[in-house]
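Asks: Structure: upload-v5.cif, mmCIF, C-alpha atoms; chains and numbers go by the auth columns.
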```cif
data_coords
#
loop_
_atom_site.group_PDB
_atom_site.id
_atom_site.type_symbol
_atom_site.label_atom_id
_atom_site.label_comp_id
_atom_site.label_asym_id
_atom_site.label_seq_id
_atom_site.Cartn_x
_atom_site.Cartn_y
_atom_site.Cartn_z
_atom_site.B_iso_or_equiv
_atom_site.auth_seq_id
_atom_site.auth_asym_id
ATOM 1 C CA MET A 1 -2.067 -24.661 9.652 0.00 1 J
ATOM 2 C CA THR A 2 0.530 -23.090 11.937 0.00 2 J
ATOM 3 C CA ILE A 3 2.740 -20.383 10.457 0.00 3 J
ATOM 4 C CA THR A 4 5.692 -19.688 12.716 0.00 4 J
ATOM 5 C CA LYS A 5 7.447 -17.200 10.450 0.00 5 J
ATOM 6 C CA LYS A 6 5.820 -14.366 8.524 0.00 6 J
ATOM 7 C CA LEU A 7 6.603 -10.723 7.863 0.00 7 J
ATOM 8 C CA SER A 8 5.947 -8.051 10.457 0.00 8 J
ATOM 9 C CA ARG A 9 4.549 -4.657 9.423 0.00 9 J
ATOM 10 C CA THR A 10 8.096 -3.295 9.481 0.00 10 J
ATOM 11 C CA GLN A 11 9.389 -6.093 7.264 0.00 11 J
ATOM 12 C CA MET A 12 6.468 -5.629 4.864 0.00 12 J
ATOM 13 C CA ALA A 13 7.351 -1.930 4.606 0.00 13 J
ATOM 14 C CA GLN A 14 10.988 -2.814 3.940 0.00 14 J
ATOM 15 C CA ARG A 15 9.934 -5.239 1.209 0.00 15 J
ATOM 16 C CA VAL A 16 7.774 -2.611 -0.502 0.00 16 J
ATOM 17 C CA ALA A 17 10.551 -0.024 -0.212 0.00 17 J
ATOM 18 C CA ALA A 18 12.962 -2.389 -1.963 0.00 18 J
ATOM 19 C CA ASP A 19 10.751 -2.357 -5.079 0.00 19 J
ATOM 20 C CA ILE A 20 10.426 1.433 -5.321 0.00 20 J
ATOM 21 C CA GLN A 21 12.794 2.654 -7.990 0.00 21 J
ATOM 22 C CA GLU A 22 15.152 5.616 -7.826 0.00 22 J
ATOM 23 C CA GLY A 23 13.511 8.868 -8.878 0.00 23 J
ATOM 24 C CA ALA A 24 9.929 7.675 -8.374 0.00 24 J
ATOM 25 C CA TYR A 25 7.097 9.950 -7.268 0.00 25 J
ATOM 26 C CA VAL A 26 5.200 7.997 -4.620 0.00 26 J
ATOM 27 C CA ASN A 27 2.159 8.458 -2.390 0.00 27 J
ATOM 28 C CA LEU A 28 1.995 6.407 0.803 0.00 28 J
ATOM 29 C CA GLY A 29 -1.567 5.721 1.949 0.00 29 J
ATOM 30 C CA ILE A 30 -2.849 6.160 5.485 0.00 30 J
ATOM 31 C CA GLY A 31 -1.899 3.420 7.951 0.00 31 J
ATOM 32 C CA ALA A 32 0.822 0.797 7.497 0.00 32 J
ATOM 33 C CA PRO A 33 2.009 2.127 4.080 0.00 33 J
ATOM 34 C CA THR A 34 3.399 5.248 5.776 0.00 34 J
ATOM 35 C CA LEU A 35 6.095 3.020 7.328 0.00 35 J
ATOM 36 C CA VAL A 36 7.685 2.667 3.879 0.00 36 J
ATOM 37 C CA ALA A 37 9.109 6.196 4.221 0.00 37 J
ATOM 38 C CA ASN A 38 11.506 4.959 6.913 0.00 38 J
ATOM 39 C CA TYR A 39 13.153 2.318 4.701 0.00 39 J
ATOM 40 C CA LEU A 40 13.984 4.027 1.415 0.00 40 J
ATOM 41 C CA GLY A 41 17.595 4.555 2.464 0.00 41 J
ATOM 42 C CA ASP A 42 19.680 6.723 0.168 0.00 42 J
ATOM 43 C CA LYS A 43 17.377 6.342 -2.835 0.00 43 J
ATOM 44 C CA GLU A 44 16.059 9.618 -4.232 0.00 44 J
ATOM 45 C CA VAL A 45 12.321 9.056 -3.982 0.00 45 J
ATOM 46 C CA PHE A 46 9.832 11.945 -3.958 0.00 46 J
ATOM 47 C CA LEU A 47 7.123 11.220 -1.395 0.00 47 J
ATOM 48 C CA HIS A 48 3.778 12.957 -1.902 0.00 48 J
ATOM 49 C CA SER A 49 1.002 13.524 0.620 0.00 49 J
ATOM 50 C CA GLU A 50 -2.509 14.412 -0.494 0.00 50 J
ATOM 51 C CA ASN A 51 -2.789 17.237 2.045 0.00 51 J
ATOM 52 C CA GLY A 52 -0.233 19.200 -0.006 0.00 52 J
ATOM 53 C CA LEU A 53 3.325 17.954 0.487 0.00 53 J
ATOM 54 C CA LEU A 54 6.033 16.764 -1.870 0.00 54 J
ATOM 55 C CA GLY A 55 9.443 15.734 -0.603 0.00 55 J
ATOM 56 C CA MET A 56 8.563 14.056 2.699 0.00 56 J
ATOM 57 C CA GLY A 57 11.268 12.269 4.598 0.00 57 J
ATOM 58 C CA PRO A 58 11.141 9.606 7.332 0.00 58 J
ATOM 59 C CA SER A 59 9.408 10.008 10.664 0.00 59 J
ATOM 60 C CA PRO A 60 11.004 12.614 12.974 0.00 60 J
ATOM 61 C CA ALA A 61 13.081 11.584 15.950 0.00 61 J
ATOM 62 C CA PRO A 62 11.252 11.648 19.307 0.00 62 J
ATOM 63 C CA GLY A 63 11.095 15.207 20.584 0.00 63 J
ATOM 64 C CA GLU A 64 11.668 16.719 17.138 0.00 64 J
ATOM 65 C CA GLU A 65 8.062 16.620 15.948 0.00 65 J
ATOM 66 C CA ASP A 66 6.625 19.726 14.285 0.00 66 J
ATOM 67 C CA ASP A 67 2.843 19.982 14.706 0.00 67 J
ATOM 68 C CA ASP A 68 2.629 22.002 11.482 0.00 68 J
ATOM 69 C CA LEU A 69 4.286 19.220 9.495 0.00 69 J
ATOM 70 C CA ILE A 70 1.979 16.222 9.148 0.00 70 J
ATOM 71 C CA ASN A 71 0.862 13.790 6.456 0.00 71 J
ATOM 72 C CA ALA A 72 -2.702 12.974 5.381 0.00 72 J
ATOM 73 C CA GLY A 73 -3.032 10.561 8.296 0.00 73 J
ATOM 74 C CA LYS A 74 -2.105 13.342 10.766 0.00 74 J
ATOM 75 C CA GLN A 75 1.220 11.688 11.571 0.00 75 J
ATOM 76 C CA HIS A 76 4.292 13.827 12.104 0.00 76 J
ATOM 77 C CA VAL A 77 6.710 13.739 9.166 0.00 77 J
ATOM 78 C CA THR A 78 9.915 15.448 8.087 0.00 78 J
ATOM 79 C CA LEU A 79 10.588 17.481 4.965 0.00 79 J
ATOM 80 C CA LEU A 80 13.674 16.857 2.843 0.00 80 J
ATOM 81 C CA THR A 81 15.765 19.604 1.272 0.00 81 J
ATOM 82 C CA GLY A 82 13.830 20.950 -1.718 0.00 82 J
ATOM 83 C CA GLY A 83 10.476 19.767 -0.358 0.00 83 J
ATOM 84 C CA ALA A 84 7.390 21.827 -1.170 0.00 84 J
ATOM 85 C CA PHE A 85 3.963 22.758 0.218 0.00 85 J
ATOM 86 C CA PHE A 86 0.992 23.509 -2.030 0.00 86 J
ATOM 87 C CA HIS A 87 -2.777 23.854 -2.129 0.00 87 J
ATOM 88 C CA HIS A 88 -4.946 20.792 -1.548 0.00 88 J
ATOM 89 C CA ALA A 89 -6.501 21.212 -5.007 0.00 89 J
ATOM 90 C CA ASP A 90 -3.071 21.191 -6.646 0.00 90 J
ATOM 91 C CA SER A 91 -2.239 18.025 -4.725 0.00 91 J
ATOM 92 C CA PHE A 92 -5.337 16.268 -6.072 0.00 92 J
ATOM 93 C CA SER A 93 -4.496 17.502 -9.580 0.00 93 J
ATOM 94 C CA MET A 94 -1.170 15.693 -9.233 0.00 94 J
ATOM 95 C CA MET A 95 -2.981 12.541 -8.116 0.00 95 J
ATOM 96 C CA ARG A 96 -5.650 12.607 -10.807 0.00 96 J
ATOM 97 C CA GLY A 97 -3.360 13.800 -13.587 0.00 97 J
ATOM 98 C CA GLY A 98 -1.113 10.741 -13.716 0.00 98 J
ATOM 99 C CA HIS A 99 1.886 12.454 -12.111 0.00 99 J
ATOM 100 C CA LEU A 100 2.495 9.772 -9.469 0.00 100 J
ATOM 101 C CA ASP A 101 4.485 6.680 -10.360 0.00 101 J
ATOM 102 C CA ILE A 102 3.311 4.573 -7.418 0.00 102 J
ATOM 103 C CA ALA A 103 0.614 4.666 -4.761 0.00 103 J
ATOM 104 C CA VAL A 104 1.095 2.304 -1.805 0.00 104 J
ATOM 105 C CA LEU A 105 -2.302 1.568 -0.266 0.00 105 J
ATOM 106 C CA GLY A 106 -3.820 -0.695 2.349 0.00 106 J
ATOM 107 C CA ALA A 107 -6.768 -2.930 1.490 0.00 107 J
ATOM 108 C CA PHE A 108 -9.658 -4.904 2.917 0.00 108 J
ATOM 109 C CA GLN A 109 -9.928 -6.982 -0.262 0.00 109 J
ATOM 110 C CA VAL A 110 -8.167 -7.369 -3.611 0.00 110 J
ATOM 111 C CA SER A 111 -9.762 -9.422 -6.372 0.00 111 J
ATOM 112 C CA ALA A 112 -7.967 -11.788 -8.731 0.00 112 J
ATOM 113 C CA LYS A 113 -8.403 -9.119 -11.452 0.00 113 J
ATOM 114 C CA GLY A 114 -6.761 -6.401 -9.378 0.00 114 J
ATOM 115 C CA ASP A 115 -9.931 -4.684 -8.176 0.00 115 J
ATOM 116 C CA LEU A 116 -9.394 -2.819 -4.906 0.00 116 J
ATOM 117 C CA ALA A 117 -11.696 -2.370 -1.902 0.00 117 J
ATOM 118 C CA ASN A 118 -10.016 -0.396 0.849 0.00 118 J
ATOM 119 C CA TRP A 119 -12.309 2.246 2.309 0.00 119 J
ATOM 120 C CA HIS A 120 -15.477 0.720 3.737 0.00 120 J
ATOM 121 C CA THR A 121 -16.635 -2.585 5.254 0.00 121 J
ATOM 122 C CA GLY A 122 -19.954 -1.465 6.668 0.00 122 J
ATOM 123 C CA ALA A 123 -18.609 -1.811 10.199 0.00 123 J
ATOM 124 C CA GLU A 124 -19.792 0.724 12.746 0.00 124 J
ATOM 125 C CA GLY A 125 -17.269 3.519 13.215 0.00 125 J
ATOM 126 C CA SER A 126 -15.448 2.813 9.953 0.00 126 J
ATOM 127 C CA ILE A 127 -14.176 5.590 7.684 0.00 127 J
ATOM 128 C CA PRO A 128 -17.277 7.403 6.375 0.00 128 J
ATOM 129 C CA ALA A 129 -15.955 8.369 2.939 0.00 129 J
ATOM 130 C CA VAL A 130 -13.483 7.207 0.315 0.00 130 J
ATOM 131 C CA GLY A 131 -11.291 10.313 0.710 0.00 131 J
ATOM 132 C CA GLY A 132 -8.388 10.411 -1.748 0.00 132 J
ATOM 133 C CA ALA A 133 -8.070 6.632 -2.152 0.00 133 J
ATOM 134 C CA MET A 134 -10.138 6.546 -5.347 0.00 134 J
ATOM 135 C CA ASP A 135 -8.054 9.321 -6.900 0.00 135 J
ATOM 136 C CA LEU A 136 -4.824 7.511 -6.034 0.00 136 J
ATOM 137 C CA ALA A 137 -6.083 4.123 -7.233 0.00 137 J
ATOM 138 C CA THR A 138 -7.051 5.475 -10.647 0.00 138 J
ATOM 139 C CA GLY A 139 -4.426 8.188 -11.045 0.00 139 J
ATOM 140 C CA ALA A 140 -1.152 6.484 -10.085 0.00 140 J
ATOM 141 C CA ARG A 141 0.731 4.559 -12.778 0.00 141 J
ATOM 142 C CA GLN A 142 1.148 1.603 -10.396 0.00 142 J
ATOM 143 C CA VAL A 143 -0.734 0.649 -7.238 0.00 143 J
ATOM 144 C CA PHE A 144 1.078 -1.450 -4.639 0.00 144 J
ATOM 145 C CA VAL A 145 -1.180 -2.933 -1.953 0.00 145 J
ATOM 146 C CA MET A 146 0.277 -3.639 1.484 0.00 146 J
ATOM 147 C CA MET A 147 -1.961 -5.779 3.702 0.00 147 J
ATOM 148 C CA ASP A 148 -2.204 -8.896 5.846 0.00 148 J
ATOM 149 C CA HIS A 149 -2.938 -12.001 3.789 0.00 149 J
ATOM 150 C CA LEU A 150 -5.799 -13.023 6.092 0.00 150 J
ATOM 151 C CA THR A 151 -8.421 -11.224 8.127 0.00 151 J
ATOM 152 C CA LYS A 152 -8.406 -11.536 11.918 0.00 152 J
ATOM 153 C CA SER A 153 -10.950 -14.328 11.550 0.00 153 J
ATOM 154 C CA GLY A 154 -8.692 -16.215 9.121 0.00 154 J
ATOM 155 C CA GLU A 155 -10.418 -15.413 5.823 0.00 155 J
ATOM 156 C CA SER A 156 -8.418 -14.585 2.712 0.00 156 J
ATOM 157 C CA LYS A 157 -8.271 -10.928 1.672 0.00 157 J
ATOM 158 C CA LEU A 158 -7.611 -12.187 -1.858 0.00 158 J
ATOM 159 C CA VAL A 159 -11.040 -12.836 -3.333 0.00 159 J
ATOM 160 C CA PRO A 160 -12.607 -13.795 -6.685 0.00 160 J
ATOM 161 C CA GLU A 161 -14.777 -10.654 -6.540 0.00 161 J
ATOM 162 C CA CYS A 162 -14.723 -7.867 -3.974 0.00 162 J
ATOM 163 C CA THR A 163 -17.790 -7.856 -1.740 0.00 163 J
ATOM 164 C CA TYR A 164 -16.989 -4.476 -0.163 0.00 164 J
ATOM 165 C CA PRO A 165 -17.530 -1.175 -2.026 0.00 165 J
ATOM 166 C CA LEU A 166 -14.861 -0.749 -4.700 0.00 166 J
ATOM 167 C CA THR A 167 -12.155 1.888 -4.603 0.00 167 J
ATOM 168 C CA GLY A 168 -10.875 1.096 -8.089 0.00 168 J
ATOM 169 C CA ILE A 169 -11.363 -1.478 -10.856 0.00 169 J
ATOM 170 C CA GLY A 170 -8.357 -3.405 -12.190 0.00 170 J
ATOM 171 C CA CYS A 171 -5.987 -0.877 -10.641 0.00 171 J
ATOM 172 C CA VAL A 172 -3.691 -3.031 -8.476 0.00 172 J
ATOM 173 C CA SER A 173 -0.249 -3.910 -9.846 0.00 173 J
ATOM 174 C CA ARG A 174 1.366 -5.740 -6.926 0.00 174 J
ATOM 175 C CA ILE A 175 0.242 -7.119 -3.574 0.00 175 J
ATOM 176 C CA TYR A 176 2.566 -7.308 -0.570 0.00 176 J
ATOM 177 C CA THR A 177 1.275 -9.406 2.328 0.00 177 J
ATOM 178 C CA ASP A 178 2.826 -10.884 5.434 0.00 178 J
ATOM 179 C CA LEU A 179 3.016 -14.202 3.542 0.00 179 J
ATOM 180 C CA ALA A 180 3.889 -13.369 -0.062 0.00 180 J
ATOM 181 C CA VAL A 181 4.474 -10.888 -2.862 0.00 181 J
ATOM 182 C CA LEU A 182 2.068 -11.300 -5.779 0.00 182 J
ATOM 183 C CA GLU A 183 1.884 -9.724 -9.225 0.00 183 J
ATOM 184 C CA VAL A 184 -1.487 -9.061 -10.854 0.00 184 J
ATOM 185 C CA THR A 185 -1.318 -10.544 -14.374 0.00 185 J
ATOM 186 C CA SER A 186 -3.799 -11.433 -17.118 0.00 186 J
ATOM 187 C CA ASP A 187 -3.384 -15.076 -16.053 0.00 187 J
ATOM 188 C CA GLY A 188 -4.159 -14.368 -12.393 0.00 188 J
ATOM 189 C CA LEU A 189 -2.152 -13.593 -9.287 0.00 189 J
ATOM 190 C CA LYS A 190 1.442 -14.678 -9.851 0.00 190 J
ATOM 191 C CA VAL A 191 3.564 -15.521 -6.820 0.00 191 J
ATOM 192 C CA VAL A 192 6.756 -13.473 -6.997 0.00 192 J
ATOM 193 C CA GLU A 193 8.037 -14.455 -3.579 0.00 193 J
ATOM 194 C CA ILE A 194 6.860 -16.459 -0.564 0.00 194 J
ATOM 195 C CA CYS A 195 7.839 -14.606 2.613 0.00 195 J
ATOM 196 C CA ALA A 196 6.650 -17.116 5.223 0.00 196 J
ATOM 197 C CA ASP A 197 7.717 -20.611 6.275 0.00 197 J
ATOM 198 C CA ILE A 198 5.207 -22.297 3.960 0.00 198 J
ATOM 199 C CA GLU A 199 5.295 -23.929 0.553 0.00 199 J
ATOM 200 C CA PHE A 200 3.317 -22.874 -2.529 0.00 200 J
ATOM 201 C CA ASP A 201 0.571 -25.459 -1.935 0.00 201 J
ATOM 202 C CA GLU A 202 0.057 -24.192 1.610 0.00 202 J
ATOM 203 C CA LEU A 203 -0.069 -20.594 0.403 0.00 203 J
ATOM 204 C CA GLN A 204 -2.656 -21.644 -2.174 0.00 204 J
ATOM 205 C CA LYS A 205 -4.859 -23.172 0.524 0.00 205 J
ATOM 206 C CA LEU A 206 -4.782 -19.918 2.475 0.00 206 J
ATOM 207 C CA SER A 207 -5.640 -17.810 -0.574 0.00 207 J
ATOM 208 C CA GLY A 208 -9.178 -17.302 -1.799 0.00 208 J
ATOM 209 C CA VAL A 209 -8.198 -17.388 -5.493 0.00 209 J
ATOM 210 C CA PRO A 210 -6.062 -19.600 -7.754 0.00 210 J
ATOM 211 C CA LEU A 211 -2.393 -18.597 -7.702 0.00 211 J
ATOM 212 C CA VAL A 212 0.123 -18.840 -10.537 0.00 212 J
ATOM 213 C CA LYS A 213 3.684 -20.090 -9.958 0.00 213 J
#
```
Give the structure from the file, written as structure tokens.
Replies:
Amino acid sequence: MTITKKLSRTQMAQRVAADIQEGAYVNLGIGAPTLVANYLGDKEVFLHSENGLLGMGPSPAPGEEDDDLINAGKQHVTLLTGGAFFHHADSFSMMRGGHLDIAVLGAFQVSAKGDLANWHTGAEGSIPAVGGAMDLATGARQVFVMMDHLTKSGESKLVPECTYPLTGIGCVSRIYTDLAVLEVTSDGLKVVEICADIEFDELQKLSGVPLVK
């Protein structure tokens, strides 16, 4: 099956940003989710970073980077008026204490029940520890996953059961891929929007689990 139109990483970030409500407290996970910060526009959204930041803004302009101002992924960021720095332990207390409305995370696999596997595949050189992902997955009120629909070898990242080590059980609320937006419901993964030049039946064939219209 040839797909000639699907979302780029930038477009995926824009789509996630569109669903983040005014006034939300949000953590953007390492990798592609950090792009969401650049597309929130004029909405008042409080971006949190697990290394002790609240009130992050978009990426700095070239030449305006501050090496003392980075996110958890060691990327340069900006700080909005009223932004704050605090101890790492306080940051994790915010994450674990239910103070974040949304965590936007990447994933290797998401199950039909909303289980999340996003920290380890067993591949050589992969991230050696779960880091703060487990705290975010269980502590945030909603978890948005941003990922490609398929692996590089063409396998679905939507699976009946995760085969990689779990980050969280039943924690995912929404899934944003380069092909579709899906809601995790008690009836299964509901298709909210198809973002590629394919029909529902074609999307179903590419997905490793039954989808709900």
Asks: Starting from the PyMOL selection byres ((chain J and resi 154) around 12), expand the selection into actual residues of this file and give them as a PyMOL selection string.
Replies: chain J and resi 1-2+148-153+155-158+205-208
Asks: Can I get the selection written as an mmCIF file, in the frame of the given file, with C-alpha atoms?
Replies:
```
data_model
loop_
_atom_site.group_PDB
_atom_site.id
_atom_site.type_symbol
_atom_site.label_atom_id
_atom_site.label_comp_id
_atom_site.auth_asym_id
_atom_site.auth_seq_id
_atom_site.Cartn_x
_atom_site.Cartn_y
_atom_site.Cartn_z
ATOM 1 C CA MET J 1 -2.067 -24.661 9.652
ATOM 2 C CA THR J 2 0.530 -23.090 11.937
ATOM 3 C CA ASP J 148 -2.204 -8.896 5.846
ATOM 4 C CA HIS J 149 -2.938 -12.001 3.789
ATOM 5 C CA LEU J 150 -5.799 -13.023 6.092
ATOM 6 C CA THR J 151 -8.421 -11.224 8.127
ATOM 7 C CA LYS J 152 -8.406 -11.536 11.918
ATOM 8 C CA SER J 153 -10.950 -14.328 11.550
ATOM 9 C CA GLU J 155 -10.418 -15.413 5.823
ATOM 10 C CA SER J 156 -8.418 -14.585 2.712
ATOM 11 C CA LYS J 157 -8.271 -10.928 1.672
ATOM 12 C CA LEU J 158 -7.611 -12.187 -1.858
ATOM 13 C CA LYS J 205 -4.859 -23.172 0.524
ATOM 14 C CA LEU J 206 -4.782 -19.918 2.475
ATOM 15 C CA SER J 207 -5.640 -17.810 -0.574
ATOM 16 C CA GLY J 208 -9.178 -17.302 -1.799
#
```
Asks: Using CA of Met56 in chain J and CA of Ser173 in chain J as the two end points, give the distance in Å to one decimal.
Replies: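 Between CA of Met56 in chain J and CA of Ser173 in chain J the gap is 23.6 Å.
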Asks: Can you translate the PyMOL selection byres ((chain J and resi 96-103) around 12) into the concrete residues it hits in this file, as an NGL selection string?
Replies: :J and (16-17 or 19-30 or 33-34 or 36 or 45-50 or 54 or 89-95 or 104-106 or 132-146 or 171-175)
Asks: So how many Å separate CA of Gly122 in chain J and CA of Leu166 in chain J, to one decimal?
Replies: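 One can read the CA of Gly122 in chain J to CA of Leu166 in chain J distance as 12.5 Å.
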Asks: Which residues would end up in the selection if the PyMOL selection byres ((chain J and resi 161) around 12) were applied here, given that I need the answer as an MDAnalysis selection string?
Replies: chainID J and resid 109:117 156:160 162:166 169:170 208:209
Asks: Looking at J:Leu203, J:Val212, J:Val181, J:Val192, which one is nearest to Leu7 in chain J, with distances taken over all atoms listed in the file?
Replies: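 The answer is J:Val181, which sits nearest to Leu7 in chain J.
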Asks: Find the distance between CA of Ala61 in chain J and CA of Gly73 in chain J and write it in Å to one decimal.
Replies: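 A separation of 17.9 Å between them.
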Asks: Near range 67-72 of chain J, within 8 Å and counting only C-alpha atoms, which residues show up once chain neighbours fewer than 2 positions away are dropped, as an NGL selection string?
Replies: :J and (30 or 49-51 or 53 or 65 or 74-79)
Asks: From the options J:Asn38, J:Thr167, J:Thr81, J:Thr4, which residue's atoms come nearest to Thr121 in chain J, counting all atoms listed in the file?
Replies: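 Closest to Thr121 in chain J of all the choices is J:Thr167.
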Asks: If we count only C-alpha atoms, what is near Asp178 in chain J at a cut-off of 8 Å, once residues fewer than 4 positions away on the same chain are taken out, given as a ChimeraX atom specification?
Replies: /J:6-9,12,147-149,195-196
Asks: What are the centre and the three edge lengths of an axis-aligned box that wraps all atoms of range 9-27 of chain J in the file, given that 8 Å is added to every side, written as AutoDock Vina command-line options and rounded to one decimal in Å?
Replies:
```
--center_x 8.7 --center_y 1.9 --center_z 0.3 --size_x 29.0 --size_y 32.0 --size_z 34.4
```
Asks: Using only C-alpha atoms, which residue out of J:Leu182, J:Asn118, J:Gly188, J:Ala129 lies closest to Pro210 in chain J?
Replies: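 Under the stated criterion, the closest residue is J:Gly188.
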Asks: Provide range 200-208 of chain J rebuilt to all heavy atoms, formatted as a compact mmCIF listing (two decimals), in the coordinates of the input.
Replies:
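Ended up saving to part_36.txt:
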```txt
# COMPACT_ATOMS: atom_id res chain seq x y z
N PHE J 200 4.32 -23.43 -1.61
CA PHE J 200 3.32 -22.87 -2.53
C PHE J 200 1.94 -23.48 -2.28
O PHE J 200 0.93 -22.77 -2.25
CB PHE J 200 3.75 -23.11 -3.98
CG PHE J 200 2.73 -22.63 -4.98
CD1 PHE J 200 2.72 -21.32 -5.42
CD2 PHE J 200 1.75 -23.51 -5.47
CE1 PHE J 200 1.78 -20.88 -6.33
CE2 PHE J 200 0.80 -23.07 -6.39
CZ PHE J 200 0.82 -21.75 -6.82
N ASP J 201 1.86 -24.79 -2.12
CA ASP J 201 0.57 -25.46 -1.94
C ASP J 201 -0.14 -24.96 -0.68
O ASP J 201 -1.38 -24.84 -0.65
CB ASP J 201 0.75 -26.97 -1.87
CG ASP J 201 1.14 -27.56 -3.22
OD1 ASP J 201 1.01 -26.84 -4.24
OD2 ASP J 201 1.59 -28.72 -3.25
N GLU J 202 0.65 -24.70 0.37
CA GLU J 202 0.06 -24.19 1.61
C GLU J 202 -0.43 -22.76 1.42
O GLU J 202 -1.51 -22.39 1.92
CB GLU J 202 1.09 -24.27 2.74
CG GLU J 202 1.50 -25.70 3.09
CD GLU J 202 2.68 -25.75 4.04
OE1 GLU J 202 3.71 -25.11 3.75
OE2 GLU J 202 2.56 -26.41 5.08
N LEU J 203 0.35 -21.96 0.70
CA LEU J 203 -0.07 -20.59 0.40
C LEU J 203 -1.36 -20.60 -0.41
O LEU J 203 -2.27 -19.81 -0.17
CB LEU J 203 1.03 -19.86 -0.37
CG LEU J 203 0.73 -18.41 -0.77
CD1 LEU J 203 0.61 -17.53 0.47
CD2 LEU J 203 1.81 -17.88 -1.71
N GLN J 204 -1.46 -21.53 -1.35
CA GLN J 204 -2.66 -21.64 -2.17
C GLN J 204 -3.89 -21.95 -1.31
O GLN J 204 -4.96 -21.37 -1.51
CB GLN J 204 -2.46 -22.72 -3.23
CG GLN J 204 -3.67 -22.97 -4.11
CD GLN J 204 -4.07 -21.76 -4.91
OE1 GLN J 204 -3.51 -21.50 -5.97
NE2 GLN J 204 -5.04 -21.00 -4.41
N LYS J 205 -3.73 -22.83 -0.35
CA LYS J 205 -4.86 -23.17 0.52
C LYS J 205 -5.34 -21.99 1.34
O LYS J 205 -6.53 -21.89 1.66
CB LYS J 205 -4.46 -24.32 1.46
CG LYS J 205 -4.25 -25.66 0.76
CD LYS J 205 -3.80 -26.72 1.74
CE LYS J 205 -3.55 -28.05 1.03
NZ LYS J 205 -3.04 -29.10 1.98
N LEU J 206 -4.43 -21.09 1.67
CA LEU J 206 -4.78 -19.92 2.48
C LEU J 206 -5.37 -18.78 1.64
O LEU J 206 -5.92 -17.83 2.19
CB LEU J 206 -3.55 -19.41 3.24
CG LEU J 206 -2.99 -20.31 4.32
CD1 LEU J 206 -1.64 -19.80 4.79
CD2 LEU J 206 -3.97 -20.40 5.49
N SER J 207 -5.22 -18.87 0.34
CA SER J 207 -5.64 -17.81 -0.57
C SER J 207 -7.01 -18.13 -1.16
O SER J 207 -7.31 -19.27 -1.48
CB SER J 207 -4.61 -17.62 -1.69
OG SER J 207 -3.32 -17.35 -1.14
N GLY J 208 -7.81 -17.09 -1.33
CA GLY J 208 -9.18 -17.30 -1.80
C GLY J 208 -9.31 -17.39 -3.30
O GLY J 208 -10.43 -17.50 -3.83
```
